[in-house]
Every structure is written in C-alpha cells, then in structure tokens.
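Asks: As input, take entry_38.pdb (PDB, C-alpha atoms):
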MODEL        1
ATOM      1  CA  MET F  23     142.117 121.657 109.230  1.00  0.00           C
ATOM      2  CA  LYS F  24     139.656 119.556 107.217  1.00  0.00           C
ATOM      3  CA  ILE F  25     138.321 116.478 108.994  1.00  0.00           C
ATOM      4  CA  GLY F  26     136.173 113.740 107.486  1.00  0.00           C
ATOM      5  CA  VAL F  27     133.865 111.762 109.763  1.00  0.00           C
ATOM      6  CA  PHE F  28     131.542 108.919 108.776  1.00  0.00           C
ATOM      7  CA  ASP F  29     129.025 106.457 110.154  1.00  0.00           C
ATOM      8  CA  SER F  30     126.071 104.354 109.024  1.00  0.00           C
ATOM      9  CA  GLY F  31     123.656 107.133 110.032  1.00  0.00           C
ATOM     10  CA  VAL F  32     123.174 109.715 112.777  1.00  0.00           C
ATOM     11  CA  GLY F  33     125.158 107.823 115.421  1.00  0.00           C
ATOM     12  CA  GLY F  34     128.461 109.334 114.349  1.00  0.00           C
ATOM     13  CA  LEU F  35     127.032 112.764 115.070  1.00  0.00           C
ATOM     14  CA  THR F  36     127.559 111.937 118.768  1.00  0.00           C
ATOM     15  CA  VAL F  37     131.259 111.763 117.906  1.00  0.00           C
ATOM     16  CA  LEU F  38     131.105 114.938 115.828  1.00  0.00           C
ATOM     17  CA  LYS F  39     129.416 116.667 118.769  1.00  0.00           C
ATOM     18  CA  GLU F  40     132.487 115.927 120.916  1.00  0.00           C
ATOM     19  CA  LEU F  41     134.858 117.057 118.151  1.00  0.00           C
ATOM     20  CA  LEU F  42     133.114 120.401 117.668  1.00  0.00           C
ATOM     21  CA  LYS F  43     134.936 121.857 120.672  1.00  0.00           C
ATOM     22  CA  TYR F  44     137.844 122.012 118.207  1.00  0.00           C
ATOM     23  CA  LYS F  45     136.853 124.551 115.567  1.00  0.00           C
ATOM     24  CA  ASN F  46     137.706 122.981 112.210  1.00  0.00           C
ATOM     25  CA  GLU F  47     136.111 122.176 108.865  1.00  0.00           C
ATOM     26  CA  TYR F  48     134.093 118.984 109.305  1.00  0.00           C
ATOM     27  CA  TYR F  49     132.720 116.858 106.482  1.00  0.00           C
ATOM     28  CA  TYR F  50     130.366 114.221 107.841  1.00  0.00           C
ATOM     29  CA  PHE F  51     128.796 111.382 105.863  1.00  0.00           C
ATOM     30  CA  GLY F  52     125.955 109.271 107.277  1.00  0.00           C
ATOM     31  CA  ASP F  53     125.011 106.319 105.093  1.00  0.00           C
ATOM     32  CA  ASN F  54     121.471 105.996 106.427  1.00  0.00           C
ATOM     33  CA  ILE F  55     120.065 104.488 103.237  1.00  0.00           C
ATOM     34  CA  ASN F  56     122.130 101.340 103.948  1.00  0.00           C
ATOM     35  CA  ILE F  57     121.526 101.208 107.682  1.00  0.00           C
ATOM     36  CA  PRO F  58     122.054  99.127 109.762  1.00  0.00           C
ATOM     37  CA  TYR F  59     125.731  98.282 109.264  1.00  0.00           C
ATOM     38  CA  GLY F  60     125.656  95.944 112.278  1.00  0.00           C
ATOM     39  CA  ASN F  61     124.289  93.004 110.295  1.00  0.00           C
ATOM     40  CA  LYS F  62     126.432  93.401 107.150  1.00  0.00           C
ATOM     41  CA  SER F  63     129.385  91.228 106.132  1.00  0.00           C
ATOM     42  CA  LYS F  64     132.960  92.478 106.221  1.00  0.00           C
ATOM     43  CA  TYR F  65     132.953  92.528 102.430  1.00  0.00           C
ATOM     44  CA  GLU F  66     129.876  94.766 102.365  1.00  0.00           C
ATOM     45  CA  LEU F  67     131.440  97.019 104.998  1.00  0.00           C
ATOM     46  CA  GLN F  68     134.574  97.313 102.876  1.00  0.00           C
ATOM     47  CA  ILE F  69     132.577  98.381  99.811  1.00  0.00           C
ATOM     48  CA  LEU F  70     130.433 100.884 101.700  1.00  0.00           C
ATOM     49  CA  SER F  71     133.288 102.396 103.710  1.00  0.00           C
ATOM     50  CA  SER F  72     135.586 102.686 100.686  1.00  0.00           C
ATOM     51  CA  LYS F  73     132.967 104.629  98.721  1.00  0.00           C
ATOM     52  CA  ILE F  74     132.501 107.000 101.659  1.00  0.00           C
ATOM     53  CA  ILE F  75     136.210 107.513 102.219  1.00  0.00           C
ATOM     54  CA  GLU F  76     136.746 108.245  98.531  1.00  0.00           C
ATOM     55  CA  PHE F  77     133.978 110.836  98.719  1.00  0.00           C
ATOM     56  CA  LEU F  78     135.579 112.445 101.784  1.00  0.00           C
ATOM     57  CA  LEU F  79     138.972 112.450 100.056  1.00  0.00           C
ATOM     58  CA  SER F  80     137.364 114.418  97.205  1.00  0.00           C
ATOM     59  CA  LYS F  81     136.883 117.173  99.820  1.00  0.00           C
ATOM     60  CA  ASP F  82     140.658 117.200 100.467  1.00  0.00           C
ATOM     61  CA  VAL F  83     140.305 116.194 104.100  1.00  0.00           C
ATOM     62  CA  ASP F  84     143.476 115.987 106.188  1.00  0.00           C
ATOM     63  CA  MET F  85     142.259 113.065 108.278  1.00  0.00           C
ATOM     64  CA  ILE F  86     139.304 110.694 108.567  1.00  0.00           C
ATOM     65  CA  ILE F  87     137.538 109.463 111.682  1.00  0.00           C
ATOM     66  CA  ILE F  88     135.564 106.226 111.554  1.00  0.00           C
ATOM     67  CA  ALA F  89     132.677 107.172 113.842  1.00  0.00           C
ATOM     68  CA  CYS F  90     131.150 103.700 113.592  1.00  0.00           C
ATOM     69  CA  GLY F  91     131.782 100.880 116.045  1.00  0.00           C
ATOM     70  CA  THR F  92     130.945  98.175 113.501  1.00  0.00           C
ATOM     71  CA  VAL F  93     133.373  99.464 110.858  1.00  0.00           C
ATOM     72  CA  SER F  94     136.055 100.181 113.479  1.00  0.00           C
ATOM     73  CA  SER F  95     135.866  96.701 114.992  1.00  0.00           C
ATOM     74  CA  ASN F  96     135.820  94.782 111.727  1.00  0.00           C
ATOM     75  CA  ILE F  97     137.748  96.560 108.955  1.00  0.00           C
ATOM     76  CA  TYR F  98     139.811  99.364 110.506  1.00  0.00           C
ATOM     77  CA  GLU F  99     143.135  97.732 109.594  1.00  0.00           C
ATOM     78  CA  TYR F 100     141.907  97.154 106.039  1.00  0.00           C
ATOM     79  CA  LEU F 101     140.975 100.821 105.598  1.00  0.00           C
ATOM     80  CA  LYS F 102     144.086 102.155 107.326  1.00  0.00           C
ATOM     81  CA  ASN F 103     146.302 100.131 104.990  1.00  0.00           C
ATOM     82  CA  LYS F 104     144.286 100.995 101.862  1.00  0.00           C
ATOM     83  CA  TYR F 105     144.511 104.787 102.094  1.00  0.00           C
ATOM     84  CA  ASP F 106     147.380 107.214 102.637  1.00  0.00           C
ATOM     85  CA  VAL F 107     145.344 109.736 104.649  1.00  0.00           C
ATOM     86  CA  PRO F 108     145.528 109.307 108.450  1.00  0.00           C
ATOM     87  CA  ILE F 109     142.497 107.289 109.600  1.00  0.00           C
ATOM     88  CA  TYR F 110     141.407 106.993 113.228  1.00  0.00           C
ATOM     89  CA  ASP F 111     138.919 104.483 114.556  1.00  0.00           C
ATOM     90  CA  ILE F 112     136.474 105.038 117.398  1.00  0.00           C
ATOM     91  CA  ILE F 113     137.335 101.918 119.418  1.00  0.00           C
ATOM     92  CA  SER F 114     141.125 101.872 119.952  1.00  0.00           C
ATOM     93  CA  PRO F 115     141.202 104.873 122.358  1.00  0.00           C
ATOM     94  CA  THR F 116     138.360 103.319 124.353  1.00  0.00           C
ATOM     95  CA  LEU F 117     140.213 100.005 124.690  1.00  0.00           C
ATOM     96  CA  GLU F 118     143.249 101.913 125.929  1.00  0.00           C
ATOM     97  CA  TYR F 119     141.047 103.742 128.451  1.00  0.00           C
ATOM     98  CA  LEU F 120     139.518 100.443 129.588  1.00  0.00           C
ATOM     99  CA  LYS F 121     142.848  98.742 130.243  1.00  0.00           C
ATOM    100  CA  ASP F 122     142.685  96.951 133.625  1.00  0.00           C
ATOM    101  CA  LYS F 123     139.008  97.931 134.059  1.00  0.00           C
ATOM    102  CA  ASN F 124     136.082  95.549 134.355  1.00  0.00           C
ATOM    103  CA  TYR F 125     133.280  96.494 131.991  1.00  0.00           C
ATOM    104  CA  PHE F 126     130.320  95.338 129.956  1.00  0.00           C
ATOM    105  CA  THR F 127     129.423  96.437 126.436  1.00  0.00           C
ATOM    106  CA  ILE F 128     126.286  96.897 124.380  1.00  0.00           C
ATOM    107  CA  ALA F 129     126.950  96.856 120.649  1.00  0.00           C
ATOM    108  CA  THR F 130     125.776  95.757 117.208  1.00  0.00           C
ATOM    109  CA  PRO F 131     125.931  92.069 116.208  1.00  0.00           C
ATOM    110  CA  MET F 132     129.025  92.508 113.993  1.00  0.00           C
ATOM    111  CA  THR F 133     130.913  94.408 116.697  1.00  0.00           C
ATOM    112  CA  CYS F 134     130.097  91.644 119.187  1.00  0.00           C
ATOM    113  CA  LYS F 135     131.203  88.972 116.721  1.00  0.00           C
ATOM    114  CA  SER F 136     134.556  90.730 116.287  1.00  0.00           C
ATOM    115  CA  LYS F 137     135.344  89.911 119.963  1.00  0.00           C
ATOM    116  CA  ILE F 138     137.029  93.295 120.316  1.00  0.00           C
ATOM    117  CA  PHE F 139     135.131  94.063 123.545  1.00  0.00           C
ATOM    118  CA  ASN F 140     134.680  91.985 126.687  1.00  0.00           C
ATOM    119  CA  ASN F 141     131.232  90.975 127.914  1.00  0.00           C
ATOM    120  CA  ALA F 142     129.508  92.269 124.792  1.00  0.00           C
ATOM    121  CA  ILE F 143     125.733  92.057 124.457  1.00  0.00           C
ATOM    122  CA  GLU F 144     124.161  92.182 120.999  1.00  0.00           C
ATOM    123  CA  CYS F 145     121.544  94.914 120.559  1.00  0.00           C
ATOM    124  CA  PRO F 146     120.339  94.487 116.972  1.00  0.00           C
ATOM    125  CA  LEU F 147     117.114  96.485 117.303  1.00  0.00           C
ATOM    126  CA  LEU F 148     118.366  99.767 118.736  1.00  0.00           C
ATOM    127  CA  VAL F 149     119.899 101.420 115.669  1.00  0.00           C
ATOM    128  CA  PRO F 150     116.793 101.132 113.433  1.00  0.00           C
ATOM    129  CA  LEU F 151     114.595 102.369 116.289  1.00  0.00           C
ATOM    130  CA  ILE F 152     116.864 105.374 116.875  1.00  0.00           C
ATOM    131  CA  GLU F 153     117.067 106.260 113.185  1.00  0.00           C
ATOM    132  CA  ASN F 154     113.273 106.155 112.876  1.00  0.00           C
ATOM    133  CA  ASN F 155     112.604 108.087 116.108  1.00  0.00           C
ATOM    134  CA  GLN F 156     110.696 105.151 117.581  1.00  0.00           C
ATOM    135  CA  ASP F 157     110.321 104.225 121.236  1.00  0.00           C
ATOM    136  CA  VAL F 158     113.317 102.215 122.462  1.00  0.00           C
ATOM    137  CA  ASN F 159     112.393 101.701 126.107  1.00  0.00           C
ATOM    138  CA  LYS F 160     110.959  98.186 125.930  1.00  0.00           C
ATOM    139  CA  VAL F 161     113.883  96.618 124.061  1.00  0.00           C
ATOM    140  CA  LEU F 162     116.417  98.766 125.911  1.00  0.00           C
ATOM    141  CA  LYS F 163     115.168  97.430 129.253  1.00  0.00           C
ATOM    142  CA  GLU F 164     115.583  93.871 127.985  1.00  0.00           C
ATOM    143  CA  TYR F 165     119.189  94.513 126.923  1.00  0.00           C
ATOM    144  CA  LEU F 166     120.108  96.349 130.126  1.00  0.00           C
ATOM    145  CA  ASN F 167     118.685  93.566 132.306  1.00  0.00           C
ATOM    146  CA  ASN F 168     121.777  91.567 131.357  1.00  0.00           C
ATOM    147  CA  ILE F 169     124.180  94.121 132.877  1.00  0.00           C
ATOM    148  CA  PRO F 170     125.261  93.589 136.523  1.00  0.00           C
ATOM    149  CA  PHE F 171     124.631  96.337 139.066  1.00  0.00           C
ATOM    150  CA  ASN F 172     127.129  99.242 139.214  1.00  0.00           C
ATOM    151  CA  SER F 173     128.984  98.149 136.064  1.00  0.00           C
ATOM    152  CA  ASN F 174     131.021 100.236 133.666  1.00  0.00           C
ATOM    153  CA  LEU F 175     129.002 100.109 130.444  1.00  0.00           C
ATOM    154  CA  VAL F 176     130.661 100.832 127.110  1.00  0.00           C
ATOM    155  CA  LEU F 177     128.271 102.301 124.562  1.00  0.00           C
ATOM    156  CA  GLY F 178     129.844 100.222 121.805  1.00  0.00           C
ATOM    157  CA  CYS F 179     127.831 101.767 118.979  1.00  0.00           C
ATOM    158  CA  THR F 180     127.957 105.511 118.385  1.00  0.00           C
ATOM    159  CA  HIS F 181     124.171 105.606 118.120  1.00  0.00           C
ATOM    160  CA  TYR F 182     123.835 104.639 121.770  1.00  0.00           C
ATOM    161  CA  PRO F 183     124.901 107.949 123.396  1.00  0.00           C
ATOM    162  CA  ILE F 184     121.674 109.316 121.905  1.00  0.00           C
ATOM    163  CA  LEU F 185     119.961 107.093 124.498  1.00  0.00           C
ATOM    164  CA  THR F 186     121.929 108.400 127.491  1.00  0.00           C
ATOM    165  CA  ASN F 187     118.858 109.864 129.222  1.00  0.00           C
ATOM    166  CA  GLU F 188     116.813 106.709 128.647  1.00  0.00           C
ATOM    167  CA  ILE F 189     119.608 104.468 129.963  1.00  0.00           C
ATOM    168  CA  ASN F 190     120.106 106.668 133.035  1.00  0.00           C
ATOM    169  CA  LYS F 191     116.390 106.456 133.845  1.00  0.00           C
ATOM    170  CA  ILE F 192     116.297 102.675 133.502  1.00  0.00           C
ATOM    171  CA  ARG F 193     119.684 101.946 135.118  1.00  0.00           C
ATOM    172  CA  PRO F 194     121.022 104.956 137.044  1.00  0.00           C
ATOM    173  CA  ASP F 195     123.619 102.680 138.675  1.00  0.00           C
ATOM    174  CA  LEU F 196     125.597 102.215 135.450  1.00  0.00           C
ATOM    175  CA  LYS F 197     128.685 104.252 134.587  1.00  0.00           C
ATOM    176  CA  LEU F 198     128.360 105.006 130.867  1.00  0.00           C
ATOM    177  CA  ILE F 199     131.462 105.163 128.696  1.00  0.00           C
ATOM    178  CA  ASN F 200     131.129 107.360 125.588  1.00  0.00           C
ATOM    179  CA  MET F 201     133.667 106.414 122.912  1.00  0.00           C
ATOM    180  CA  GLY F 202     133.315 109.747 121.125  1.00  0.00           C
ATOM    181  CA  LYS F 203     134.372 111.724 124.176  1.00  0.00           C
ATOM    182  CA  ILE F 204     137.381 109.474 124.759  1.00  0.00           C
ATOM    183  CA  LEU F 205     138.496 109.801 121.123  1.00  0.00           C
ATOM    184  CA  SER F 206     138.003 113.569 121.093  1.00  0.00           C
ATOM    185  CA  ASP F 207     140.045 114.041 124.269  1.00  0.00           C
ATOM    186  CA  LYS F 208     142.834 111.853 122.921  1.00  0.00           C
ATOM    187  CA  LEU F 209     143.086 113.615 119.545  1.00  0.00           C
ATOM    188  CA  ASN F 210     143.350 117.072 121.146  1.00  0.00           C
ATOM    189  CA  LEU F 211     143.045 118.772 117.753  1.00  0.00           C
ATOM    190  CA  PRO F 212     144.094 122.336 116.921  1.00  0.00           C
ATOM    191  CA  SER F 213     141.325 124.865 116.269  1.00  0.00           C
ATOM    192  CA  THR F 214     140.933 127.165 113.269  1.00  0.00           C
ATOM    193  CA  ASN F 215     137.522 128.134 111.857  1.00  0.00           C
ATOM    194  CA  LEU F 216     134.354 126.117 112.360  1.00  0.00           C
ATOM    195  CA  LYS F 217     132.459 124.870 109.309  1.00  0.00           C
ATOM    196  CA  VAL F 218     130.136 121.859 109.306  1.00  0.00           C
ATOM    197  CA  ARG F 219     128.975 120.043 106.181  1.00  0.00           C
ATOM    198  CA  LEU F 220     126.619 117.090 106.648  1.00  0.00           C
ATOM    199  CA  TYR F 221     125.952 114.577 103.886  1.00  0.00           C
ATOM    200  CA  PHE F 222     123.408 111.763 104.200  1.00  0.00           C
ATOM    201  CA  SER F 223     122.355 109.231 101.614  1.00  0.00           C
ATOM    202  CA  LYS F 224     118.721 109.904 102.540  1.00  0.00           C
ATOM    203  CA  VAL F 225     117.279 113.115 103.999  1.00  0.00           C
ATOM    204  CA  ASP F 226     113.854 113.122 105.616  1.00  0.00           C
ATOM    205  CA  HIS F 227     111.977 114.590 108.577  1.00  0.00           C
ATOM    206  CA  ASN F 228     113.226 111.923 111.026  1.00  0.00           C
ATOM    207  CA  LEU F 229     116.810 112.644 110.066  1.00  0.00           C
ATOM    208  CA  ILE F 230     116.516 116.401 110.556  1.00  0.00           C
ATOM    209  CA  ASN F 231     114.881 115.878 113.968  1.00  0.00           C
ATOM    210  CA  ASN F 232     117.729 113.587 114.987  1.00  0.00           C
ATOM    211  CA  ILE F 233     120.420 115.990 113.794  1.00  0.00           C
ATOM    212  CA  ASP F 234     118.916 118.860 115.747  1.00  0.00           C
ATOM    213  CA  LYS F 235     118.674 116.707 118.883  1.00  0.00           C
ATOM    214  CA  ILE F 236     122.352 115.772 118.715  1.00  0.00           C
ATOM    215  CA  ILE F 237     124.350 118.787 117.539  1.00  0.00           C
ATOM    216  CA  ASP F 238     123.691 122.424 118.317  1.00  0.00           C
ATOM    217  CA  THR F 239     125.568 124.339 115.658  1.00  0.00           C
ATOM    218  CA  ASP F 240     124.970 125.756 112.193  1.00  0.00           C
ATOM    219  CA  TYR F 241     125.391 123.196 109.436  1.00  0.00           C
ATOM    220  CA  GLN F 242     124.812 122.687 105.749  1.00  0.00           C
ATOM    221  CA  LEU F 243     122.893 119.503 104.862  1.00  0.00           C
ATOM    222  CA  GLU F 244     122.919 117.700 101.532  1.00  0.00           C
ATOM    223  CA  GLU F 245     121.435 114.420 100.298  1.00  0.00           C
ATOM    224  CA  LEU F 246     124.051 112.350  98.517  1.00  0.00           C
ATOM    225  CA  CYS F 247     123.535 108.674  97.623  1.00  0.00           C
ATOM    226  CA  LEU F 248     126.718 106.817  96.752  1.00  0.00           C
ATOM    227  CA  ASN F 249     124.700 104.246  94.772  1.00  0.00           C
ATOM    228  CA  TYR F 250     125.542 101.081  96.660  1.00  0.00           C
ATOM    229  CA  GLN F 251     123.299  98.111  95.933  1.00  0.00           C
ATOM    230  CA  LYS F 252     123.619  94.813  97.822  1.00  0.00           C
TER     231      LYS F 252
ENDMDL
END
Re-express the file's structure as structure tokens.

Replies:
Amino acid sequence: MKIGVFDSGVGGLTVLKELLKYKNEYYYFGDNINIPYGNKSKYELQILSSKIIEFLLSKDVDMIIIACGTVSSNIYEYLKNKYDVPIYDIISPTLEYLKDKNYFTIATPMTCKSKIFNNAIECPLLVPLIENNQDVNKVLKEYLNNIPFNSNLVLGCTHYPILTNEINKIRPDLKLINMGKILSDKLNLPSTNLKVRLYFSKVDHNLINNIDKIIDTDYQLEELCLNYQK
C-alpha cells in the first residue's frame, strides 16, 4: 500500500512515526520552505496543499494523510471534495476520542481561529523554534502557564509531540494527547513492505537533525521545491 503524508515541515513526522508500525510505502512531503502554515490564509493553505497533494498523486498513492493541524482544521473538507483519492485529516479522530472529555489545547493561530478545539491557546512561536532547533523552554513555559492543573492537553499541532519531554519536565501533571497516535490506531492499516521516501522543500543540517530525532528507520531524502511564491 502506498500512503502519502504531508505537513508544513517536520511536525508530520511525528504522525509518520506512529504509522510506521504498519509496514507500507510512505511518501512524506514537508513544506519547510513555506513554514509556518499557522499564520497563512485559507486561500494560501489551499494553494500549498493542492500542490503537495498533486505531487503525492504523481507517486500513485492509495491514500493521503494530512499530518498538519492547521490544514486539517481549516481546509480538510475543501481537499476531500477536490480529490478522488481517500484523504484523512489528523483532527477528526482526536475529536471523536475527546467526546465527553474536558480538555485544553495548544495549537497554531489558524487552528485556534477555526474553533475546532475547545479551550485553545495560540502558540505562534513554537513551530519556527522547533524547525530551527532553538530553545523552546522560555516560551513553552509561558504557554503552559495558562493550562489548569491535571488537565488533558491536546497537542493540536503535529510539531508539538517533538516537545513531549520538555512539556513533561515543565508540567508533569498534564495528560498529553498525541493526535498522530490516535489517528494511527484508528486507521489500523494492513502491512506489506516498508519503504520510506521523504521530500522537503528545503534540506539543511537542522532538518536532518530533526528527522533523526523523530523517526528511527531507513529513509531516502530528497529536496523538492514546489515553487510556491506568496
């Protein structure tokens, strides 16, 4: 089975990591040259996501997973209706899991503006800091100070599971909810042969460090810019 996965950068690799327990052919695209997606308009998200999906379709994928909270919360219905291939978003399974639960959310500005999550706190600085391997602790503490004690906390951007250790050190009382794990468990995919192809619109030392921190499997990496200009 060929599966396409995409995100604005390395965050979607936290979703891919959960999917790798099912041995399939994975084609991942991280659009890190246009990061962050969390402050882009819906129109910009439509252009960027459509270019990526068309690239993934050129690989004859059988399904596509939107491993981006911002795209999932703002234009999932648009993309699902535009293409014939089955498309799954990262948020719907989490909302189903959260039914009747009290929770808080940290997410990008556009995901918060979509009102898809309850009690959502905007965290605009985290994604660029993660992508550039910079220290997140100061701003992370400020965001987490707004979360009540012993809360369920949805990591509403797929970049945020990368910060699991940091969050646990700052707020060990919080129960973290990883959208990638919930989606992976729900899909329950068949397994065939494992092959991982990673495509990023910009490849540099920071990117390679991040990839190796997130996934522990053999992969082929290629730089591929889809030539989007704002």

Asks: Smallest atom-to-atom distance to Leu196 of chain F: which of F:Leu177, F:Ile69, F:Leu147, F:Val32, using only C-alpha atoms?

Replies: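 Answer, going by the shortest atom-to-atom distance: F:Leu177.
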
Asks: Suppose a student applies the PyMOL selection byres ((chain F and resi 208) around 12) to this structure; what residues should they get, written as JSON, numbers by chain?

Replies: {"F": [40, 41, 110, 111, 112, 113, 114, 115, 116, 118, 119, 201, 202, 203, 204, 205, 206, 207, 209, 210, 211]}

Asks: For Glu144 of chain F, which of F:Tyr98, F:Tyr165, F:Phe222, F:Tyr49 is the closest residue, counting all atoms listed in the file?

Replies: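 Counting all atoms listed in the file, the residue closest to Glu144 of chain F is F:Tyr165.
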
Asks: Contacts of Leu248 of chain F at 12 Å or less, counting only C-alpha atoms, minus same-chain residues fewer than 6 places along, as a PDB file with C-alpha atoms, in the coordinates of the input?

Replies:
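Resulting contents of result.pdb:
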ATOM      1  CA  PHE F  51     128.796 111.382 105.863  1.00  0.00           C
ATOM      2  CA  GLY F  52     125.955 109.271 107.277  1.00  0.00           C
ATOM      3  CA  ASP F  53     125.011 106.319 105.093  1.00  0.00           C
ATOM      4  CA  ASN F  54     121.471 105.996 106.427  1.00  0.00           C
ATOM      5  CA  ILE F  55     120.065 104.488 103.237  1.00  0.00           C
ATOM      6  CA  ASN F  56     122.130 101.340 103.948  1.00  0.00           C
ATOM      7  CA  ILE F  69     132.577  98.381  99.811  1.00  0.00           C
ATOM      8  CA  LEU F  70     130.433 100.884 101.700  1.00  0.00           C
ATOM      9  CA  SER F  71     133.288 102.396 103.710  1.00  0.00           C
ATOM     10  CA  SER F  72     135.586 102.686 100.686  1.00  0.00           C
ATOM     11  CA  LYS F  73     132.967 104.629  98.721  1.00  0.00           C
ATOM     12  CA  ILE F  74     132.501 107.000 101.659  1.00  0.00           C
ATOM     13  CA  ILE F  75     136.210 107.513 102.219  1.00  0.00           C
ATOM     14  CA  GLU F  76     136.746 108.245  98.531  1.00  0.00           C
ATOM     15  CA  PHE F  77     133.978 110.836  98.719  1.00  0.00           C
ATOM     16  CA  LEU F  78     135.579 112.445 101.784  1.00  0.00           C
ATOM     17  CA  TYR F 221     125.952 114.577 103.886  1.00  0.00           C
ATOM     18  CA  PHE F 222     123.408 111.763 104.200  1.00  0.00           C
ATOM     19  CA  SER F 223     122.355 109.231 101.614  1.00  0.00           C
ATOM     20  CA  LYS F 224     118.721 109.904 102.540  1.00  0.00           C
TER      21      LYS F 224
END

Asks: Just the number, please: distance in Å from atom CA of Tyr44 of chain F to atom CA of Ser213 of chain F, one decimal.

Replies: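 Taking atom CA of Tyr44 of chain F and atom CA of Ser213 of chain F, their separation equals 4.9 Å.
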
Asks: For the provided coordinates, the residues matched by the PyMOL selection byres ((chain F and resi 97) around 12) should be stated as a short mmCIF file (atom, residue, chain, number, x, y, z; two decimals) with C-alpha atoms, in the coordinates of the input.

Replies:
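After the write, result.cif holds the following:
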data_model
loop_
_atom_site.label_atom_id
_atom_site.label_comp_id
_atom_site.auth_asym_id
_atom_site.auth_seq_id
_atom_site.Cartn_x
_atom_site.Cartn_y
_atom_site.Cartn_z
CA LYS F 62 126.43 93.40 107.15
CA SER F 63 129.38 91.23 106.13
CA LYS F 64 132.96 92.48 106.22
CA TYR F 65 132.95 92.53 102.43
CA GLU F 66 129.88 94.77 102.36
CA LEU F 67 131.44 97.02 105.00
CA GLN F 68 134.57 97.31 102.88
CA ILE F 69 132.58 98.38 99.81
CA LEU F 70 130.43 100.88 101.70
CA SER F 71 133.29 102.40 103.71
CA SER F 72 135.59 102.69 100.69
CA ILE F 88 135.56 106.23 111.55
CA CYS F 90 131.15 103.70 113.59
CA GLY F 91 131.78 100.88 116.04
CA THR F 92 130.94 98.18 113.50
CA VAL F 93 133.37 99.46 110.86
CA SER F 94 136.06 100.18 113.48
CA SER F 95 135.87 96.70 114.99
CA ASN F 96 135.82 94.78 111.73
CA TYR F 98 139.81 99.36 110.51
CA GLU F 99 143.14 97.73 109.59
CA TYR F 100 141.91 97.15 106.04
CA LEU F 101 140.98 100.82 105.60
CA LYS F 102 144.09 102.16 107.33
CA ASN F 103 146.30 100.13 104.99
CA LYS F 104 144.29 101.00 101.86
CA ILE F 109 142.50 107.29 109.60
CA TYR F 110 141.41 106.99 113.23
CA ASP F 111 138.92 104.48 114.56
CA ILE F 113 137.34 101.92 119.42
CA MET F 132 129.02 92.51 113.99
CA THR F 133 130.91 94.41 116.70
CA SER F 136 134.56 90.73 116.29
CA ILE F 138 137.03 93.30 120.32
#

Asks: Give me the residues near Leu243 of chain F as a PyMOL selection string, where near means some atom within 9 Å (using only C-alpha atoms) and where sequence neighbours in that chain fewer than 2 positions away do not count.

Replies: chain F and resi 218-222+225+241+245

Asks: In the coordinates of the file, take the point (136.6, 92.2, 137.6) and a cut-off of 12 Å; then, counting only C-alpha atoms, name each qualifying protein, DNA or RNA residue as a PDB file with C-alpha atoms, in the coordinates of the input.

Replies:
ATOM      1  CA  LEU F 120     139.518 100.443 129.588  1.00  0.00           C
ATOM      2  CA  LYS F 121     142.848  98.742 130.243  1.00  0.00           C
ATOM      3  CA  ASP F 122     142.685  96.951 133.625  1.00  0.00           C
ATOM      4  CA  LYS F 123     139.008  97.931 134.059  1.00  0.00           C
ATOM      5  CA  ASN F 124     136.082  95.549 134.355  1.00  0.00           C
ATOM      6  CA  TYR F 125     133.280  96.494 131.991  1.00  0.00           C
ATOM      7  CA  PHE F 126     130.320  95.338 129.956  1.00  0.00           C
ATOM      8  CA  ASN F 140     134.680  91.985 126.687  1.00  0.00           C
ATOM      9  CA  ASN F 141     131.232  90.975 127.914  1.00  0.00           C
ATOM     10  CA  PRO F 170     125.261  93.589 136.523  1.00  0.00           C
ATOM     11  CA  ASN F 172     127.129  99.242 139.214  1.00  0.00           C
ATOM     12  CA  SER F 173     128.984  98.149 136.064  1.00  0.00           C
ATOM     13  CA  ASN F 174     131.021 100.236 133.666  1.00  0.00           C
TER      14      ASN F 174
END

Asks: Kindly give the distance, in Å, that separates atom CA of Lys163 of chain F and atom CA of Phe139 of chain F, rounded to a single decimal.

Replies: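 Separation between atom CA of Lys163 of chain F and atom CA of Phe139 of chain F: 21.0 Å.
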
Asks: Return the padded bounding box of segment 165-178 of chain F as AutoDock Vina command-line options: axis-aligned, built from all atoms listed in the file, 8 Å added on each side, with centre and edge lengths in Å to one decimal.

Replies:
--center_x 124.9 --center_y 96.9 --center_z 130.5 --size_x 28.3 --size_y 26.7 --size_z 33.4

Asks: For segment 33-44 of chain F, supply N, CA and C atoms and report the output as a short mmCIF file (atom, residue, chain, number, x, y, z; two decimals), in the frame of the given file.

Replies:
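Here's the written file selection_16.cif:
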data_model
loop_
_atom_site.label_atom_id
_atom_site.label_comp_id
_atom_site.auth_asym_id
_atom_site.auth_seq_id
_atom_site.Cartn_x
_atom_site.Cartn_y
_atom_site.Cartn_z
N GLY F 33 124.38 108.15 114.23
CA GLY F 33 125.16 107.82 115.42
C GLY F 33 126.49 108.55 115.50
N GLY F 34 127.16 108.66 114.36
CA GLY F 34 128.46 109.33 114.35
C GLY F 34 128.39 110.80 114.70
N LEU F 35 127.18 111.37 114.64
CA LEU F 35 127.03 112.76 115.07
C LEU F 35 127.33 112.92 116.55
N THR F 36 127.18 111.86 117.35
CA THR F 36 127.56 111.94 118.77
C THR F 36 129.07 112.09 118.91
N VAL F 37 129.80 111.57 117.94
CA VAL F 37 131.26 111.76 117.91
C VAL F 37 131.57 113.17 117.42
N LEU F 38 130.91 113.58 116.34
CA LEU F 38 131.10 114.94 115.83
C LEU F 38 130.81 115.97 116.91
N LYS F 39 129.77 115.74 117.69
CA LYS F 39 129.42 116.67 118.77
C LYS F 39 130.60 116.89 119.71
N GLU F 40 131.32 115.81 120.04
CA GLU F 40 132.49 115.93 120.92
C GLU F 40 133.64 116.64 120.22
N LEU F 41 133.76 116.44 118.90
CA LEU F 41 134.86 117.06 118.15
C LEU F 41 134.65 118.55 117.93
N LEU F 42 133.41 119.00 118.00
CA LEU F 42 133.11 120.40 117.67
C LEU F 42 133.75 121.41 118.62
N LYS F 43 134.23 120.93 119.78
CA LYS F 43 134.94 121.86 120.67
C LYS F 43 136.23 122.34 120.02
N TYR F 44 136.71 121.58 119.03
CA TYR F 44 137.84 122.01 118.21
C TYR F 44 137.26 122.60 116.93
#
